[in-house]
>>> print(open('protein_35.csv').read())   # CSV, C-alpha atoms
chain,number,residue,atom,x,y,z
A,1,MET,CA,13.0,-76.3,42.2
A,2,THR,CA,12.8,-79.9,41.0
A,3,ALA,CA,11.8,-82.7,43.3
A,4,PRO,CA,15.0,-84.2,44.8
A,5,THR,CA,16.1,-87.7,44.5
A,6,LYS,CA,14.8,-89.7,47.4
A,7,PRO,CA,17.5,-90.1,50.0
A,8,SER,CA,18.2,-93.4,51.8
A,9,HIS,CA,15.7,-93.5,54.7
A,10,ASN,CA,13.4,-96.1,56.1
A,11,GLY,CA,10.4,-93.8,56.6
A,12,PRO,CA,8.9,-91.2,59.0
A,13,SER,CA,10.2,-91.1,62.5
A,14,ASP,CA,8.5,-93.4,65.0
A,15,PRO,CA,5.6,-91.4,66.5
A,16,ALA,CA,6.4,-93.0,69.8
A,17,ALA,CA,10.0,-91.9,69.9
A,18,PRO,CA,11.0,-89.2,72.3
A,19,PRO,CA,12.4,-85.9,70.8
A,20,ALA,CA,16.1,-86.4,70.2
A,21,PRO,CA,18.5,-84.0,71.9
A,22,ALA,CA,20.2,-83.6,68.6
A,23,ALA,CA,17.1,-82.0,67.1
A,24,ALA,CA,18.7,-78.6,67.7
A,25,SER,CA,21.3,-79.5,65.2
A,26,GLY,CA,18.7,-80.6,62.7
A,27,GLY,CA,20.1,-84.1,62.1
A,28,PRO,CA,17.1,-86.1,63.1
A,29,LEU,CA,14.8,-83.8,61.1
A,30,HIS,CA,16.5,-83.8,57.7
A,31,ALA,CA,16.0,-87.3,56.4
A,32,PRO,CA,12.3,-87.7,57.2
A,33,VAL,CA,11.4,-84.3,55.9
A,34,VAL,CA,13.4,-84.5,52.7
A,35,ASP,CA,12.1,-88.1,52.2
A,36,TRP,CA,8.5,-86.8,52.7
A,37,PHE,CA,9.1,-84.1,50.1
A,38,ALA,CA,10.4,-86.6,47.5
A,39,GLU,CA,7.0,-88.4,47.8
A,40,HIS,CA,4.6,-85.5,48.3
A,41,ALA,CA,6.1,-82.3,46.7
A,42,ARG,CA,3.6,-80.6,44.3
A,43,ASP,CA,4.6,-80.4,40.7
A,44,LEU,CA,4.9,-76.7,40.3
A,45,PRO,CA,6.3,-75.0,37.2
A,46,TRP,CA,9.1,-73.1,39.0
A,47,ARG,CA,10.4,-76.4,40.4
A,48,ARG,CA,11.0,-77.8,37.0
A,49,PRO,CA,14.5,-77.6,35.4
A,50,GLU,CA,13.3,-75.6,32.5
A,51,ALA,CA,12.2,-72.8,34.8
A,52,GLY,CA,15.7,-71.7,35.4
A,53,ALA,CA,16.8,-69.1,37.9
A,54,TRP,CA,14.6,-66.4,36.3
A,55,GLY,CA,11.5,-68.6,36.7
A,56,VAL,CA,12.4,-69.2,40.3
A,57,MET,CA,12.9,-65.5,40.9
A,58,VAL,CA,9.6,-64.6,39.3
A,59,SER,CA,7.8,-67.2,41.5
A,60,GLU,CA,9.4,-65.9,44.7
A,61,PHE,CA,8.2,-62.4,44.0
A,62,MET,CA,4.7,-63.6,43.2
A,63,LEU,CA,4.3,-66.0,46.1
A,64,GLN,CA,5.0,-63.4,48.8
A,65,GLN,CA,1.7,-63.2,50.7
A,66,THR,CA,-0.2,-64.8,47.7
A,67,PRO,CA,-1.4,-68.5,47.5
A,68,VAL,CA,-0.1,-70.8,44.8
A,69,ASN,CA,-3.5,-71.2,43.1
A,70,ARG,CA,-3.7,-67.5,42.4
A,71,VAL,CA,-0.1,-67.3,41.3
A,72,LEU,CA,-0.1,-70.1,38.8
A,73,PRO,CA,-2.0,-68.5,35.9
A,74,VAL,CA,-0.2,-65.2,36.2
A,75,TYR,CA,3.2,-66.9,36.4
A,76,GLU,CA,2.5,-68.9,33.2
A,77,GLN,CA,1.5,-65.8,31.3
A,78,TRP,CA,4.4,-63.8,32.7
A,79,LEU,CA,7.0,-66.3,31.6
A,80,ALA,CA,5.4,-66.7,28.2
A,81,ARG,CA,5.6,-63.0,27.6
A,82,TRP,CA,9.0,-62.3,29.4
A,83,PRO,CA,11.0,-65.5,29.3
A,84,ARG,CA,14.2,-63.6,30.3
A,85,PRO,CA,14.9,-60.6,32.4
A,86,ALA,CA,15.9,-58.6,29.4
A,87,ASP,CA,12.5,-59.1,27.9
A,88,LEU,CA,10.8,-57.6,30.9
A,89,ALA,CA,13.4,-54.8,31.3
A,90,ALA,CA,12.7,-53.7,27.7
A,91,GLU,CA,9.1,-52.9,28.6
A,92,ALA,CA,7.7,-50.0,30.5
A,93,PRO,CA,7.3,-50.7,34.2
A,94,GLY,CA,3.6,-50.0,33.8
A,95,GLU,CA,3.3,-53.1,31.7
A,96,ALA,CA,4.6,-55.2,34.6
A,97,VAL,CA,1.9,-53.6,36.8
A,98,ARG,CA,-0.7,-54.4,34.1
A,99,ALA,CA,0.4,-58.0,33.8
A,100,TRP,CA,0.5,-58.4,37.6
A,101,GLY,CA,-3.3,-58.4,37.5
A,102,ARG,CA,-5.0,-59.0,40.8
A,103,LEU,CA,-2.2,-60.7,42.6
A,104,GLY,CA,-2.2,-57.9,45.2
A,105,TYR,CA,0.7,-55.9,46.6
A,106,PRO,CA,1.5,-54.5,43.1
A,107,ARG,CA,4.7,-52.8,44.2
A,108,ARG,CA,6.2,-56.3,43.8
A,109,ALA,CA,5.7,-55.9,40.0
A,110,LEU,CA,7.7,-52.7,40.0
A,111,ARG,CA,10.4,-54.3,42.1
A,112,LEU,CA,10.6,-57.3,39.8
A,113,HIS,CA,10.9,-55.0,36.8
A,114,GLY,CA,13.7,-53.1,38.6
A,115,ALA,CA,15.5,-56.3,39.4
A,116,ALA,CA,15.2,-57.4,35.7
A,117,ALA,CA,16.6,-54.1,34.5
A,118,ALA,CA,19.6,-54.4,36.9
A,119,ILE,CA,20.2,-58.1,35.9
A,120,THR,CA,20.2,-57.0,32.3
A,121,GLU,CA,22.6,-54.1,32.9
A,122,ARG,CA,25.0,-55.7,35.5
A,123,HIS,CA,24.9,-59.4,34.7
A,124,GLY,CA,24.4,-59.7,31.0
A,125,GLY,CA,20.8,-60.8,31.4
A,126,ASP,CA,21.5,-63.8,33.6
A,127,VAL,CA,20.3,-64.0,37.2
A,128,PRO,CA,23.4,-64.1,39.3
A,129,SER,CA,24.2,-67.1,41.4
A,130,ASP,CA,26.2,-65.3,44.0
A,131,HIS,CA,24.1,-64.5,47.1
A,132,ALA,CA,25.7,-61.1,47.6
A,133,GLN,CA,25.0,-60.1,44.0
A,134,LEU,CA,21.4,-61.2,44.4
A,135,LEU,CA,21.0,-59.2,47.5
A,136,ALA,CA,22.4,-56.1,45.8
A,137,LEU,CA,19.6,-56.2,43.2
A,138,PRO,CA,16.8,-53.7,43.7
A,139,GLY,CA,13.8,-55.1,45.4
A,140,ILE,CA,15.6,-58.2,46.6
A,141,GLY,CA,15.8,-58.8,50.3
A,142,GLU,CA,17.5,-61.5,52.4
A,143,TYR,CA,14.6,-64.0,51.9
A,144,THR,CA,14.4,-63.7,48.1
A,145,ALA,CA,18.2,-63.8,47.7
A,146,ALA,CA,18.5,-67.0,49.8
A,147,ALA,CA,15.5,-68.6,48.1
A,148,VAL,CA,16.9,-68.0,44.5
A,149,ALA,CA,20.4,-69.1,45.5
A,150,SER,CA,19.0,-72.2,47.1
A,151,PHE,CA,16.2,-73.3,44.8
A,152,ALA,CA,17.8,-72.2,41.5
A,153,TYR,CA,21.4,-72.9,42.2
A,154,GLY,CA,21.3,-75.6,44.9
A,155,GLN,CA,23.3,-73.5,47.5
A,156,ARG,CA,23.3,-73.8,51.2
A,157,HIS,CA,21.2,-70.9,52.7
A,158,ALA,CA,18.6,-70.6,55.4
A,159,VAL,CA,15.4,-69.8,53.6
A,160,LEU,CA,12.9,-68.4,56.1
A,161,ASP,CA,9.4,-67.9,54.8
A,162,THR,CA,6.2,-68.0,57.0
A,163,ASN,CA,5.8,-71.8,56.4
A,164,VAL,CA,9.4,-72.6,57.4
A,165,ARG,CA,9.2,-70.4,60.5
A,166,ARG,CA,6.0,-72.1,61.6
A,167,VAL,CA,7.6,-75.6,61.2
A,168,LEU,CA,10.7,-74.6,63.1
A,169,ALA,CA,8.6,-72.9,65.8
A,170,ARG,CA,6.6,-76.0,66.4
A,171,ALA,CA,9.1,-78.8,65.8
A,172,VAL,CA,12.1,-77.3,67.6
A,173,THR,CA,11.0,-74.4,69.8
A,174,GLY,CA,7.7,-76.0,70.9
A,175,VAL,CA,5.4,-73.0,70.3
A,176,GLN,CA,2.4,-72.9,68.1
A,177,TYR,CA,3.3,-69.8,66.0
A,178,PRO,CA,6.5,-67.9,65.4
A,179,PRO,CA,6.8,-64.1,66.2
A,180,ASN,CA,5.0,-61.7,63.9
A,181,ALA,CA,8.3,-60.6,62.5
A,182,THR,CA,11.4,-62.7,61.8
A,183,THR,CA,13.9,-62.4,64.7
A,184,ALA,CA,17.6,-62.8,65.0
A,185,ALA,CA,17.0,-65.9,67.1
A,186,GLU,CA,15.0,-67.5,64.3
A,187,ARG,CA,17.7,-66.8,61.8
A,188,LYS,CA,20.3,-68.3,64.1
A,189,LEU,CA,18.2,-71.4,64.6
A,190,ALA,CA,17.6,-71.8,60.9
A,191,ARG,CA,21.3,-71.6,60.2
A,192,THR,CA,22.1,-74.1,63.0
A,193,LEU,CA,19.6,-76.6,61.4
A,194,LEU,CA,21.1,-76.4,57.9
A,195,PRO,CA,22.6,-79.7,56.6
A,196,ASP,CA,26.3,-79.4,55.9
A,197,ASP,CA,26.0,-80.7,52.4
A,198,GLU,CA,24.9,-78.0,49.9
A,199,GLY,CA,22.5,-80.2,47.9
A,200,VAL,CA,20.9,-81.7,51.0
A,201,ALA,CA,20.6,-78.2,52.4
A,202,ALA,CA,18.8,-76.9,49.3
A,203,ARG,CA,16.4,-79.9,49.4
A,204,TRP,CA,15.8,-79.3,53.1
A,205,ALA,CA,14.9,-75.7,52.4
A,206,ALA,CA,12.3,-76.6,49.8
A,207,ALA,CA,11.0,-79.6,51.9
A,208,SER,CA,10.5,-77.7,55.1
A,209,MET,CA,8.7,-75.0,53.2
A,210,GLU,CA,6.4,-77.5,51.6
A,211,LEU,CA,5.8,-79.2,54.9
A,212,GLY,CA,4.5,-76.0,56.3
A,213,ALA,CA,2.4,-75.3,53.3
A,214,LEU,CA,0.7,-78.7,53.1
A,215,VAL,CA,0.8,-80.3,56.6
A,216,CYS,CA,2.0,-78.0,59.4
A,217,THR,CA,-0.4,-75.3,58.3
A,218,ALA,CA,-1.5,-72.3,60.4
A,219,LYS,CA,-4.9,-73.8,61.0
A,220,ASN,CA,-6.0,-77.5,61.1
A,221,GLU,CA,-2.5,-78.9,61.1
A,222,SER,CA,-2.3,-82.6,60.1
A,223,CYS,CA,0.0,-84.1,62.6
A,224,HIS,CA,-1.0,-87.6,61.6
A,225,ARG,CA,0.6,-86.9,58.1
A,226,CYS,CA,3.7,-85.2,59.4
A,227,PRO,CA,7.0,-87.1,59.0
A,228,ILE,CA,8.5,-85.6,62.2
A,229,SER,CA,5.4,-85.6,64.5
A,230,GLY,CA,7.2,-88.0,66.8
A,231,ARG,CA,10.0,-85.4,67.3
A,232,CYS,CA,7.8,-82.3,67.3
A,233,ALA,CA,8.3,-80.4,70.6
A,234,TRP,CA,5.0,-78.6,70.3
A,235,ARG,CA,3.0,-81.8,69.8
A,236,LEU,CA,4.8,-83.6,72.5
A,237,ALA,CA,4.1,-80.8,74.9
A,238,GLY,CA,0.4,-81.2,74.3
A,239,LYS,CA,0.1,-78.5,71.7
A,240,PRO,CA,0.0,-75.5,74.1
A,241,ALA,CA,-2.1,-72.6,72.8
A,242,HIS,CA,-0.3,-69.5,71.5
A,243,ASP,CA,0.3,-67.0,74.3
A,244,GLY,CA,2.4,-64.4,72.5
A,245,PRO,CA,1.3,-61.1,70.8
A,246,PRO,CA,-2.0,-61.4,68.8
A,247,ARG,CA,-1.4,-62.6,65.3
A,248,ARG,CA,-1.9,-60.0,62.7
A,249,GLY,CA,-4.9,-60.5,60.4
A,250,GLN,CA,-5.1,-59.4,56.8
A,251,THR,CA,-8.4,-57.5,56.5
A,252,TYR,CA,-9.2,-56.2,53.0
A,253,ALA,CA,-12.8,-55.1,52.6
A,254,GLY,CA,-13.1,-51.4,53.1
A,255,THR,CA,-9.4,-50.7,53.4
A,256,ASP,CA,-7.2,-48.4,51.4
A,257,ARG,CA,-5.8,-51.6,49.8
A,258,GLN,CA,-9.2,-52.4,48.3
A,259,VAL,CA,-9.6,-48.9,47.0
A,260,ARG,CA,-6.1,-49.0,45.5
A,261,GLY,CA,-6.9,-52.3,43.8
A,262,ARG,CA,-10.0,-50.9,42.2
A,263,LEU,CA,-8.2,-47.8,41.0
A,264,LEU,CA,-5.4,-49.9,39.5
A,265,ALA,CA,-8.0,-52.2,37.8
A,266,VAL,CA,-9.4,-49.3,35.9
A,267,LEU,CA,-5.9,-48.2,34.8
A,268,ARG,CA,-4.8,-51.7,33.8
A,269,GLU,CA,-7.9,-52.2,31.6
A,270,ALA,CA,-7.6,-48.8,29.9
A,271,PRO,CA,-5.6,-48.6,26.6
A,272,GLY,CA,-4.4,-45.1,27.5
A,273,PRO,CA,-4.6,-42.4,30.2
A,274,VAL,CA,-7.7,-42.3,32.3
A,275,PRO,CA,-9.6,-39.1,33.4
A,276,GLN,CA,-10.1,-38.4,37.1
A,277,ALA,CA,-13.9,-38.7,36.6
A,278,ALA,CA,-13.5,-42.4,35.6
A,279,LEU,CA,-11.4,-43.1,38.8
A,280,ASP,CA,-14.0,-41.3,40.9
A,281,GLN,CA,-16.5,-43.9,40.0
A,282,VAL,CA,-14.7,-46.8,41.8
A,283,TRP,CA,-15.2,-45.7,45.4
A,284,HIS,CA,-18.0,-43.8,47.1
A,285,GLU,CA,-15.9,-42.1,49.8
A,286,PRO,CA,-13.9,-39.2,48.3
A,287,VAL,CA,-11.3,-38.7,51.1
A,288,GLN,CA,-10.3,-42.3,51.2
A,289,ARG,CA,-10.3,-42.5,47.4
A,290,ALA,CA,-8.0,-39.5,47.1
A,291,ARG,CA,-5.7,-40.9,49.8
A,292,ALA,CA,-5.5,-44.2,47.9
A,293,LEU,CA,-4.8,-42.5,44.6
A,294,ASP,CA,-2.1,-40.3,46.2
A,295,GLY,CA,-0.5,-43.4,47.7
A,296,LEU,CA,-0.4,-45.1,44.2
A,297,VAL,CA,1.3,-42.0,42.8
A,298,SER,CA,3.7,-41.9,45.7
A,299,ASP,CA,4.6,-45.6,45.2
A,300,GLY,CA,5.3,-45.0,41.5
A,301,LEU,CA,2.4,-47.3,40.4
A,302,VAL,CA,0.5,-44.4,38.8
A,303,GLU,CA,1.7,-41.3,36.9
A,304,PRO,CA,-0.4,-38.1,37.0
A,305,LEU,CA,-0.6,-36.2,33.8
A,306,ALA,CA,-1.9,-32.8,32.8
A,307,ASP,CA,-5.7,-32.1,32.7
A,308,GLY,CA,-6.5,-34.6,35.4
A,309,LEU,CA,-5.4,-37.7,33.5
A,310,TYR,CA,-3.6,-40.7,35.1
A,311,ARG,CA,-1.8,-43.7,33.6
A,312,LEU,CA,0.4,-46.6,34.6
A,313,PRO,CA,4.1,-45.7,34.7
A,314,VAL,CA,6.1,-45.6,31.5
A,315,GLY,CA,9.6,-44.9,32.7
>>> encode(input="protein_35.csv", output="structure tokens")
Amino acid sequence: MTAPTKPSHNGPSDPAAPPAPAAASGGPLHAPVVDWFAEHARDLPWRRPEAGAWGVMVSEFMLQQTPVNRVLPVYEQWLARWPRPADLAAEAPGEAVRAWGRLGYPRRALRLHGAAAAITERHGGDVPSDHAQLLALPGIGEYTAAAVASFAYGQRHAVLDTNVRRVLARAVTGVQYPPNATTAAERKLARTLLPDDEGVAARWAAASMELGALVCTAKNESCHRCPISGRCAWRLAGKPAHDGPPRRGQTYAGTDRQVRGRLLAVLREAPGPVPQAALDQVWHEPVQRARALDGLVSDGLVEPLADGLYRLPVG
């Protein structure tokens, strides 16, 4: 999404000002956050006009649970190779898995390939702008449909990723962290906070997401740089510590995820089918290794062939 035109606003809210009762409607939050975004938004390729809806969709798939710095090189290579959905749909799904590299959660590559095929078949190769049509694509959930409709087409939708949820939890609800899983109450709050104007709502969606990514981070939040610190319910309450369910960590070393990643790395780098013996070299524990390989096959990321050979999926 391109950086929006700076709205008329005199600057961040006064840090000494009390939280406004209208904060529940979002009014006092919109202008300072959108204004901050106009000044501080990162220049990311999927925010540029030339990215188009397909570039936005690719970025949204890649950015799920993956930081921007890891996504950037893969994103650039992906769009250079497959500038339109039809280009990706014409390739075997295994090529999407191969190009995904080490971004992690490679099922996203298969889902993106499936979405590209559906876009090509149902919509003439153009990413639809209608939210319901986006939601009907394989591999597209509520978040991705709302993000593409908002960031690519400037529509009014509540876009709730982890960063936005954290900003709303602190600024409006007054707690340090949102629940582990998105709740109906969070969705209702996000819809209530949406600006009425479509264009402003789209900028608010991008701006609140960027605020959570750069300032209101999970750790070491920078309240002194926050444009709404003077209205933040959590800061004004003295930043009470999180007292909800333990936050889920994302361990990797020694897990099945790590084994799956090593198995896929061998298959990605091979020009053809790989024998079982080569896969057996990637992990010392045979039971875990077999479980990880079975999981890859079950997920459609690997195809077993005769004579103990394996390959990335071709159809």
>>> closest_residue(input="protein_35.csv", among="A:Gly104, A:Gly94, A:Gly199, A:Gly114", to="Pro271 (chain A)", atoms="only C-alpha atoms")
A:Gly94
>>> residues_around(input="protein_35.csv", residues="Lys239 (chain A)", least_positions_apart="2", cutoff="12 Å", atoms="all atoms listed in the file", output="PDB file with C-alpha atoms, in the coordinates of the input")
ATOM      1  CA  ALA A 169       8.600 -72.900  65.800  1.00  0.00           C
ATOM      2  CA  ARG A 170       6.600 -76.000  66.400  1.00  0.00           C
ATOM      3  CA  ALA A 171       9.100 -78.800  65.800  1.00  0.00           C
ATOM      4  CA  THR A 173      11.000 -74.400  69.800  1.00  0.00           C
ATOM      5  CA  GLY A 174       7.700 -76.000  70.900  1.00  0.00           C
ATOM      6  CA  VAL A 175       5.400 -73.000  70.300  1.00  0.00           C
ATOM      7  CA  GLN A 176       2.400 -72.900  68.100  1.00  0.00           C
ATOM      8  CA  TYR A 177       3.300 -69.800  66.000  1.00  0.00           C
ATOM      9  CA  GLU A 221      -2.500 -78.900  61.100  1.00  0.00           C
ATOM     10  CA  CYS A 223       0.000 -84.100  62.600  1.00  0.00           C
ATOM     11  CA  SER A 229       5.400 -85.600  64.500  1.00  0.00           C
ATOM     12  CA  CYS A 232       7.800 -82.300  67.300  1.00  0.00           C
ATOM     13  CA  ALA A 233       8.300 -80.400  70.600  1.00  0.00           C
ATOM     14  CA  TRP A 234       5.000 -78.600  70.300  1.00  0.00           C
ATOM     15  CA  ARG A 235       3.000 -81.800  69.800  1.00  0.00           C
ATOM     16  CA  LEU A 236       4.800 -83.600  72.500  1.00  0.00           C
ATOM     17  CA  ALA A 237       4.100 -80.800  74.900  1.00  0.00           C
ATOM     18  CA  ALA A 241      -2.100 -72.600  72.800  1.00  0.00           C
ATOM     19  CA  HIS A 242      -0.300 -69.500  71.500  1.00  0.00           C
ATOM     20  CA  ASP A 243       0.300 -67.000  74.300  1.00  0.00           C
TER      21      ASP A 243
END
>>> residues_around(input="protein_35.csv", residues="Gln77 (chain A)", least_positions_apart="6", cutoff="10 Å", atoms="all atoms listed in the file", output="NGL selection string")
:A and (83 or 99-100)
>>> residues_around(input="protein_35.csv", residues="Thr182 (chain A)", least_positions_apart="2", cutoff="9 Å", atoms="all atoms listed in the file", output="PyMOL selection string")
chain A and resi 160-162+165+178-180+184-187
>>> closest_residue(input="protein_35.csv", among="A:Val215, A:Val314, A:Ile119, A:Ala149", to="Val167 (chain A)", atoms="all atoms listed in the file")
A:Val215
>>> residues_around(input="protein_35.csv", residues="region 259-261 of chain A", least_positions_apart="4", cutoff="12 Å", atoms="only C-alpha atoms", output="PDB file with C-alpha atoms, in the frame of the given file")
ATOM      1  CA  VAL A  97       1.900 -53.600  36.800  1.00  0.00           C
ATOM      2  CA  ARG A  98      -0.700 -54.400  34.100  1.00  0.00           C
ATOM      3  CA  TRP A 100       0.500 -58.400  37.600  1.00  0.00           C
ATOM      4  CA  GLY A 101      -3.300 -58.400  37.500  1.00  0.00           C
ATOM      5  CA  ARG A 102      -5.000 -59.000  40.800  1.00  0.00           C
ATOM      6  CA  LEU A 103      -2.200 -60.700  42.600  1.00  0.00           C
ATOM      7  CA  GLY A 104      -2.200 -57.900  45.200  1.00  0.00           C
ATOM      8  CA  TYR A 105       0.700 -55.900  46.600  1.00  0.00           C
ATOM      9  CA  PRO A 106       1.500 -54.500  43.100  1.00  0.00           C
ATOM     10  CA  ARG A 107       4.700 -52.800  44.200  1.00  0.00           C
ATOM     11  CA  TYR A 252      -9.200 -56.200  53.000  1.00  0.00           C
ATOM     12  CA  ALA A 253     -12.800 -55.100  52.600  1.00  0.00           C
ATOM     13  CA  GLY A 254     -13.100 -51.400  53.100  1.00  0.00           C
ATOM     14  CA  THR A 255      -9.400 -50.700  53.400  1.00  0.00           C
ATOM     15  CA  ALA A 265      -8.000 -52.200  37.800  1.00  0.00           C
ATOM     16  CA  VAL A 266      -9.400 -49.300  35.900  1.00  0.00           C
ATOM     17  CA  LEU A 267      -5.900 -48.200  34.800  1.00  0.00           C
ATOM     18  CA  ARG A 268      -4.800 -51.700  33.800  1.00  0.00           C
ATOM     19  CA  LEU A 279     -11.400 -43.100  38.800  1.00  0.00           C
ATOM     20  CA  ASP A 280     -14.000 -41.300  40.900  1.00  0.00           C
ATOM     21  CA  GLN A 281     -16.500 -43.900  40.000  1.00  0.00           C
ATOM     22  CA  VAL A 282     -14.700 -46.800  41.800  1.00  0.00           C
ATOM     23  CA  TRP A 283     -15.200 -45.700  45.400  1.00  0.00           C
ATOM     24  CA  HIS A 284     -18.000 -43.800  47.100  1.00  0.00           C
ATOM     25  CA  GLU A 285     -15.900 -42.100  49.800  1.00  0.00           C
ATOM     26  CA  PRO A 286     -13.900 -39.200  48.300  1.00  0.00           C
ATOM     27  CA  VAL A 287     -11.300 -38.700  51.100  1.00  0.00           C
ATOM     28  CA  GLN A 288     -10.300 -42.300  51.200  1.00  0.00           C
ATOM     29  CA  ARG A 289     -10.300 -42.500  47.400  1.00  0.00           C
ATOM     30  CA  ALA A 290      -8.000 -39.500  47.100  1.00  0.00           C
ATOM     31  CA  ARG A 291      -5.700 -40.900  49.800  1.00  0.00           C
ATOM     32  CA  ALA A 292      -5.500 -44.200  47.900  1.00  0.00           C
ATOM     33  CA  LEU A 293      -4.800 -42.500  44.600  1.00  0.00           C
ATOM     34  CA  ASP A 294      -2.100 -40.300  46.200  1.00  0.00           C
ATOM     35  CA  GLY A 295      -0.500 -43.400  47.700  1.00  0.00           C
ATOM     36  CA  LEU A 296      -0.400 -45.100  44.200  1.00  0.00           C
ATOM     37  CA  VAL A 297       1.300 -42.000  42.800  1.00  0.00           C
ATOM     38  CA  ASP A 299       4.600 -45.600  45.200  1.00  0.00           C
ATOM     39  CA  LEU A 301       2.400 -47.300  40.400  1.00  0.00           C
ATOM     40  CA  VAL A 302       0.500 -44.400  38.800  1.00  0.00           C
TER      41      VAL A 302
END
>>> decode(input="protein_35.csv", residues="region 85-91 of chain A", atoms="all heavy atoms", output="JSON list (two decimals), in the first residue's frame")
[["chain", "number", "residue", "atom", "x", "y", "z"],
["A", 85, "PRO", "N", -0.97, -13.78, -11.26],
["A", 85, "PRO", "CA", -1.44, -15.08, -10.75],
["A", 85, "PRO", "C", -1.36, -16.20, -11.78],
["A", 85, "PRO", "O", -1.00, -17.34, -11.45],
["A", 85, "PRO", "CB", -2.89, -14.79, -10.35],
["A", 85, "PRO", "CG", -2.91, -13.33, -10.04],
["A", 85, "PRO", "CD", -1.95, -12.70, -10.99],
["A", 86, "ALA", "N", -1.67, -15.89, -13.03],
["A", 86, "ALA", "CA", -1.64, -16.93, -14.07],
["A", 86, "ALA", "C", -0.25, -17.50, -14.26],
["A", 86, "ALA", "O", -0.10, -18.68, -14.62],
["A", 86, "ALA", "CB", -2.18, -16.36, -15.38],
["A", 87, "ASP", "N", 0.77, -16.69, -14.04],
["A", 87, "ASP", "CA", 2.14, -17.17, -14.20],
["A", 87, "ASP", "C", 2.45, -18.24, -13.15],
["A", 87, "ASP", "O", 3.09, -19.25, -13.45],
["A", 87, "ASP", "CB", 3.13, -16.01, -14.08],
["A", 87, "ASP", "CG", 2.89, -14.94, -15.13],
["A", 87, "ASP", "OD1", 2.64, -15.29, -16.29],
["A", 87, "ASP", "OD2", 2.94, -13.75, -14.77],
["A", 88, "LEU", "N", 2.01, -18.00, -11.94],
["A", 88, "LEU", "CA", 2.22, -18.99, -10.88],
["A", 88, "LEU", "C", 1.34, -20.22, -11.11],
["A", 88, "LEU", "O", 1.79, -21.36, -10.94],
["A", 88, "LEU", "CB", 1.91, -18.36, -9.51],
["A", 88, "LEU", "CG", 1.97, -19.31, -8.31],
["A", 88, "LEU", "CD1", 3.35, -19.95, -8.17],
["A", 88, "LEU", "CD2", 1.61, -18.56, -7.03],
["A", 89, "ALA", "N", 0.09, -20.00, -11.49],
["A", 89, "ALA", "CA", -0.84, -21.11, -11.69],
["A", 89, "ALA", "C", -0.34, -22.07, -12.77],
["A", 89, "ALA", "O", -0.65, -23.27, -12.73],
["A", 89, "ALA", "CB", -2.21, -20.58, -12.05],
["A", 90, "ALA", "N", 0.43, -21.57, -13.73],
["A", 90, "ALA", "CA", 0.92, -22.41, -14.82],
["A", 90, "ALA", "C", 2.04, -23.34, -14.38],
["A", 90, "ALA", "O", 2.39, -24.28, -15.09],
["A", 90, "ALA", "CB", 1.41, -21.53, -15.98],
["A", 91, "GLU", "N", 2.62, -23.10, -13.22],
["A", 91, "GLU", "CA", 3.72, -23.92, -12.71],
["A", 91, "GLU", "C", 3.17, -25.01, -11.79],
["A", 91, "GLU", "O", 2.07, -24.92, -11.26],
["A", 91, "GLU", "CB", 4.69, -23.04, -11.93],
["A", 91, "GLU", "CG", 5.37, -21.97, -12.77],
["A", 91, "GLU", "CD", 6.78, -22.36, -13.15],
["A", 91, "GLU", "OE1", 7.11, -23.57, -13.12],
["A", 91, "GLU", "OE2", 7.55, -21.44, -13.47]]
